[in-house]
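J.: Provided herewith is a single structure, encoded as structure tokens, for subsequent inquiry.
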Amino acid sequence: MSRDSLPPILASLIRQARRVAEEVNCIATVMLADVSYDFREIQQLLKQTQLIVASAVPAVVEAAKADLVAVVPLNQEPQTRQVQLSQALLEAIADNLVKTGDRVMALYSGYERDTIDTLSIINLSERLARLTARDLQRLETQVPLGTLRRVVDLAVEIGREGRESKRVGTLFVVGNHRKVLDMSHEQIHDPFKGYAKKERMISNARVRESIKELSQIDGAFVIASDGCVMAAGRILDAPAEDLTLSKGLGARHWAAAAISKATNSIAIAVSESTGTVRLFQNGTVVLRIEPMMQAMKWHDVDTEPPQE
Ligand SMILES: Nc1ncnc2c1ncn2[C@@H]1O[C@H](COP(=O)(O)OP(=O)(O)OP(=O)(O)O)[C@@H](O)[C@H]1O
């Protein structure tokens with residue numbers, strides 16, 4: 001199996017990382033690697049600190065396995081480094097390589113795409129929550145973070161809990177609701193029709209409960225930027241042109257991608273088969289929350305005062 005030789009700067013970074021890891025008691029070093037290095041050599045440089053390789057590149061995963069170091073495969077959908085890192089940490093927790101409360105070190109390319117140039121020290125419990133909040137914040141240009149967060153939280157609950165011990169999938173389209181309504185049609189009589197705005201705000205716990213009940217019906221919930229539910233059970237008609245999605249994603253996810261592209265809204269799909277929540281912006285997945293990540297709590301960026 002061919003290997004890239006370790007660049008001298010990276011070797012130096014790893015040696016220093018080892019010293020820091022020992023000084024501040026990091027239990028492991030997670031390396032986001034896109035290149036097949038000699039991972040045995042890296043483990044030797046790290047001495048006592050366990051190396052965990054995380055990669056979305058199958059050849060790198062194979063190389064790490066061959067070198068008998070711990071490895072967590074990442075999914076291949078486009079992800080920011082932050083999301084990849086969060087995913088790597090969660091997978092490492094799921095595999096019992098590390099646990100919440102541990103301190104770990106991460107090595108990854110923060111600036112140059114193909115060069116591992118950045119070292120972070122991460123206290124697991126705090127970090128996990130922040131990553132996703134920050135990624136949501138990145139999307140705030142289109143939909144206020146407060147609304148987005150409420151919808152994502154609800155989607156995550158639906159994915160985790162299902163309904164009457166059955167898994168449930170559903171779809172939310174948030175923002176630019178007039179255009180979304182124009183590009184969709186009614187499937188069933190809209191159960192929210194006729195209610196006052198106050199009775200349709202997602203900040204209202206009763207409304208969230210109704211959405212959970214209604215999540216079993218076909219179609220999408222359309223939600224305005226201010227968090228008002230404008231319709232339920234809408235079938236989206238946006239054309240799925242020029243879109244690329246991962247294999248295995250079906251009609252619900254294609255509809256989510258298409259509407260986010262056609263209307264500049266954010267679509268949030270809960271997969272019935274896996275419970276995974278995906279956020280679509282401009283036709284692509286920008287954030288993915290696995291069921292195992294769903295126990296997380298929001299700690300930061302609370303921009304709105306509580307409304308209940
Ligand atoms: N254009 C659409 N607009 C709104 N909802 C849709 C649309 N197409 C499909 N759906 C919803 O998605 C449901 C499941 O479809 P499908 O199984 O093909 O999706 P999927 O992407 O594989 O999602 P899952 O992982 O939840 O199965 C449908 O029953 C329907 O409620």
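FYI, nothing fancy with the structure tokens labels: chains A, B, ... in order, residues from 1 per chain, ligands from 1 as they appear.
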Sorted by chain and rising residue number, which residues of chain A lie within 10 Å of ligand 1, and what are their closest atom pairs and distances in Å to one decimal, counting only C-alpha atoms and all ligand atoms, as a tab-separated table?

T.:
residue	atom	partner	partner_atom_place_in_ligand_line	distance
A:Gly159	CA	ligand 1	26 (O)	9.7
A:Arg167	CA	ligand 1	26 (O)	9.0
A:Val168	CA	ligand 1	26 (O)	7.3
A:Gly169	CA	ligand 1	26 (O)	4.5
A:Thr170	CA	ligand 1	26 (O)	6.8
A:Leu171	CA	ligand 1	5 (N)	6.7
A:Phe172	CA	ligand 1	4 (C)	9.1
A:Val173	CA	ligand 1	4 (C)	9.8
A:Ser184	CA	ligand 1	3 (N)	7.6
A:His185	CA	ligand 1	3 (N)	8.8
A:Glu186	CA	ligand 1	4 (C)	9.8
A:Gln187	CA	ligand 1	4 (C)	9.0
A:Ser215	CA	ligand 1	31 (O)	9.2
A:Gln216	CA	ligand 1	31 (O)	8.0
A:Ile217	CA	ligand 1	31 (O)	6.5
A:Asp218	CA	ligand 1	31 (O)	3.3
A:Gly219	CA	ligand 1	5 (N)	3.5
A:Ala220	CA	ligand 1	4 (C)	5.0
A:Phe221	CA	ligand 1	4 (C)	8.7
A:Ala232	CA	ligand 1	4 (C)	9.9
A:Gly233	CA	ligand 1	4 (C)	7.4
A:Arg234	CA	ligand 1	4 (C)	6.0
A:Ile235	CA	ligand 1	3 (N)	3.7
A:Leu236	CA	ligand 1	3 (N)	3.8
A:Asp237	CA	ligand 1	1 (N)	5.7
A:Ala238	CA	ligand 1	1 (N)	7.6
A:Pro239	CA	ligand 1	1 (N)	9.2
A:Ala240	CA	ligand 1	1 (N)	9.5
A:Gly248	CA	ligand 1	22 (O)	6.9
A:Leu249	CA	ligand 1	21 (O)	4.7
A:Gly250	CA	ligand 1	21 (O)	3.1
A:Ala251	CA	ligand 1	18 (O)	3.7
A:Arg252	CA	ligand 1	21 (O)	3.7
A:His253	CA	ligand 1	21 (O)	4.2
A:Trp254	CA	ligand 1	21 (O)	6.5
A:Ala255	CA	ligand 1	1 (N)	4.7
A:Ala256	CA	ligand 1	3 (N)	7.5
A:Ala258	CA	ligand 1	1 (N)	8.9
A:Ile259	CA	ligand 1	1 (N)	8.9
A:Ala269	CA	ligand 1	26 (O)	7.8
A:Val270	CA	ligand 1	26 (O)	6.3
A:Ser271	CA	ligand 1	26 (O)	3.5
A:Glu272	CA	ligand 1	26 (O)	3.5
A:Ser273	CA	ligand 1	25 (O)	4.6
A:Thr274	CA	ligand 1	25 (O)	6.4
A:Gly275	CA	ligand 1	25 (O)	7.7
A:Thr276	CA	ligand 1	25 (O)	8.1
A:Val277	CA	ligand 1	25 (O)	9.6

J.: Write a file of the selected residues as a short mmCIF file (atom, residue, chain, number, x, y, z; two decimals), in the first residue's frame, keeping N, CA and C atoms.

T.:
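The result, written out as result24.cif:
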data_model
loop_
_atom_site.label_atom_id
_atom_site.label_comp_id
_atom_site.auth_asym_id
_atom_site.auth_seq_id
_atom_site.Cartn_x
_atom_site.Cartn_y
_atom_site.Cartn_z
N GLY A 159 -36.63 12.74 14.93
CA GLY A 159 -35.74 11.67 14.46
C GLY A 159 -35.39 10.70 15.59
N ARG A 167 -40.49 4.65 13.76
CA ARG A 167 -39.68 5.74 13.21
C ARG A 167 -40.53 6.64 12.33
N VAL A 168 -40.22 7.92 12.35
CA VAL A 168 -40.97 8.87 11.53
C VAL A 168 -39.98 9.74 10.76
N GLY A 169 -40.29 9.96 9.48
CA GLY A 169 -39.49 10.90 8.71
C GLY A 169 -40.35 12.11 8.40
N THR A 170 -39.75 13.25 8.23
CA THR A 170 -40.53 14.42 7.87
C THR A 170 -39.64 15.48 7.22
N LEU A 171 -40.26 16.58 6.85
CA LEU A 171 -39.52 17.61 6.11
C LEU A 171 -40.02 18.99 6.52
N PHE A 172 -39.09 19.90 6.79
CA PHE A 172 -39.43 21.29 7.10
C PHE A 172 -38.75 22.17 6.05
N VAL A 173 -39.47 23.20 5.62
CA VAL A 173 -38.84 24.20 4.74
C VAL A 173 -38.99 25.54 5.44
N SER A 184 -45.21 24.61 -4.41
CA SER A 184 -45.67 23.37 -3.77
C SER A 184 -47.19 23.33 -3.86
N HIS A 185 -47.77 22.19 -3.59
CA HIS A 185 -49.22 22.11 -3.60
C HIS A 185 -49.73 21.30 -2.40
N GLU A 186 -51.04 21.50 -2.16
CA GLU A 186 -51.63 20.86 -0.99
C GLU A 186 -51.87 19.38 -1.26
N GLN A 187 -51.56 18.57 -0.29
CA GLN A 187 -51.80 17.14 -0.43
C GLN A 187 -53.06 16.75 0.34
N SER A 215 -46.30 14.84 12.07
CA SER A 215 -45.11 14.51 11.28
C SER A 215 -45.29 13.22 10.48
N GLN A 216 -46.32 12.46 10.83
CA GLN A 216 -46.52 11.20 10.10
C GLN A 216 -47.21 11.40 8.76
N ILE A 217 -47.80 12.59 8.56
CA ILE A 217 -48.48 12.79 7.27
C ILE A 217 -47.45 13.08 6.19
N ASP A 218 -47.84 12.79 4.95
CA ASP A 218 -46.93 13.03 3.83
C ASP A 218 -46.70 14.52 3.63
N GLY A 219 -45.58 14.85 3.05
CA GLY A 219 -45.35 16.24 2.65
C GLY A 219 -44.55 17.03 3.67
N ALA A 220 -44.48 18.34 3.42
CA ALA A 220 -43.56 19.20 4.18
C ALA A 220 -44.31 20.25 5.01
N PHE A 221 -43.69 20.64 6.12
CA PHE A 221 -44.15 21.81 6.87
C PHE A 221 -43.44 23.03 6.28
N ALA A 232 -48.90 22.74 6.35
CA ALA A 232 -48.38 21.38 6.59
C ALA A 232 -48.84 20.49 5.45
N GLY A 233 -48.17 19.39 5.25
CA GLY A 233 -48.58 18.43 4.22
C GLY A 233 -48.44 18.97 2.80
N ARG A 234 -47.46 19.84 2.57
CA ARG A 234 -47.27 20.38 1.21
C ARG A 234 -46.37 19.45 0.40
N ILE A 235 -46.77 19.18 -0.81
CA ILE A 235 -45.90 18.41 -1.72
C ILE A 235 -45.09 19.43 -2.53
N LEU A 236 -43.79 19.28 -2.48
CA LEU A 236 -42.90 20.26 -3.10
C LEU A 236 -42.71 19.92 -4.58
N ASP A 237 -42.79 20.97 -5.41
CA ASP A 237 -42.72 20.75 -6.85
C ASP A 237 -41.43 21.30 -7.48
N ALA A 238 -40.48 21.72 -6.67
CA ALA A 238 -39.26 22.32 -7.25
C ALA A 238 -38.54 21.29 -8.11
N PRO A 239 -38.01 21.70 -9.26
CA PRO A 239 -37.35 20.73 -10.14
C PRO A 239 -36.00 20.28 -9.57
N ALA A 240 -35.77 18.97 -9.63
CA ALA A 240 -34.50 18.43 -9.09
C ALA A 240 -33.42 18.43 -10.17
N GLY A 248 -28.55 6.60 -2.10
CA GLY A 248 -29.33 6.10 -0.97
C GLY A 248 -30.33 7.11 -0.45
N LEU A 249 -30.21 8.37 -0.86
CA LEU A 249 -31.20 9.35 -0.43
C LEU A 249 -32.35 9.35 -1.43
N GLY A 250 -33.58 9.29 -0.91
CA GLY A 250 -34.73 9.14 -1.78
C GLY A 250 -35.48 10.43 -2.03
N ALA A 251 -36.76 10.28 -2.34
CA ALA A 251 -37.58 11.40 -2.83
C ALA A 251 -37.65 12.56 -1.84
N ARG A 252 -37.76 12.26 -0.55
CA ARG A 252 -37.87 13.32 0.45
C ARG A 252 -36.62 14.23 0.41
N HIS A 253 -35.46 13.58 0.33
CA HIS A 253 -34.21 14.35 0.37
C HIS A 253 -33.97 15.10 -0.93
N TRP A 254 -34.39 14.51 -2.04
CA TRP A 254 -34.27 15.22 -3.32
C TRP A 254 -35.17 16.45 -3.32
N ALA A 255 -36.39 16.25 -2.77
CA ALA A 255 -37.31 17.39 -2.72
C ALA A 255 -36.73 18.50 -1.83
N ALA A 256 -36.09 18.10 -0.73
CA ALA A 256 -35.48 19.08 0.18
C ALA A 256 -34.38 19.86 -0.53
N ALA A 258 -33.95 20.26 -3.73
CA ALA A 258 -34.47 21.05 -4.85
C ALA A 258 -35.13 22.34 -4.36
N ILE A 259 -35.93 22.24 -3.30
CA ILE A 259 -36.64 23.45 -2.85
C ILE A 259 -35.64 24.46 -2.25
N ALA A 269 -34.54 17.82 6.58
CA ALA A 269 -35.19 16.52 6.39
C ALA A 269 -34.82 15.58 7.51
N VAL A 270 -35.81 14.88 8.02
CA VAL A 270 -35.57 13.81 8.99
C VAL A 270 -35.78 12.51 8.24
N SER A 271 -34.78 11.65 8.23
CA SER A 271 -34.92 10.40 7.51
C SER A 271 -35.69 9.37 8.33
N GLU A 272 -36.69 8.80 7.70
CA GLU A 272 -37.49 7.80 8.40
C GLU A 272 -36.65 6.54 8.66
N SER A 273 -35.78 6.21 7.70
CA SER A 273 -35.05 4.95 7.85
C SER A 273 -33.93 5.03 8.88
N THR A 274 -33.31 6.21 9.06
CA THR A 274 -32.15 6.27 9.97
C THR A 274 -32.31 7.26 11.11
N GLY A 275 -33.25 8.17 11.03
CA GLY A 275 -33.36 9.21 12.07
C GLY A 275 -32.39 10.37 11.85
N THR A 276 -31.56 10.27 10.83
CA THR A 276 -30.58 11.33 10.56
C THR A 276 -31.29 12.61 10.11
N VAL A 277 -30.81 13.74 10.61
CA VAL A 277 -31.37 15.04 10.22
C VAL A 277 -30.36 15.71 9.29
#

J.: How far is it from CA of Lys247 in chain A to CA of Leu154 in chain A, in Å with one decimal?

T.: 25.8 Å

J.: Hey, which of A:Val30, A:Ile289, A:Ala17, A:Met1 ends up closest to Ala63 in chain A? Count only C-alpha atoms.

T.: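 Answer, going by the shortest atom-to-atom distance: A:Met1.
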
J.: Give the answer as one residue: which of A:Arg3, A:Arg18, A:Arg160, A:Lys198 has the shortest atom-to-atom distance to Val35 in chain A, using only C-alpha atoms?

T.: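 Using only C-alpha atoms, the shortest distance to Val35 in chain A belongs to A:Arg3.
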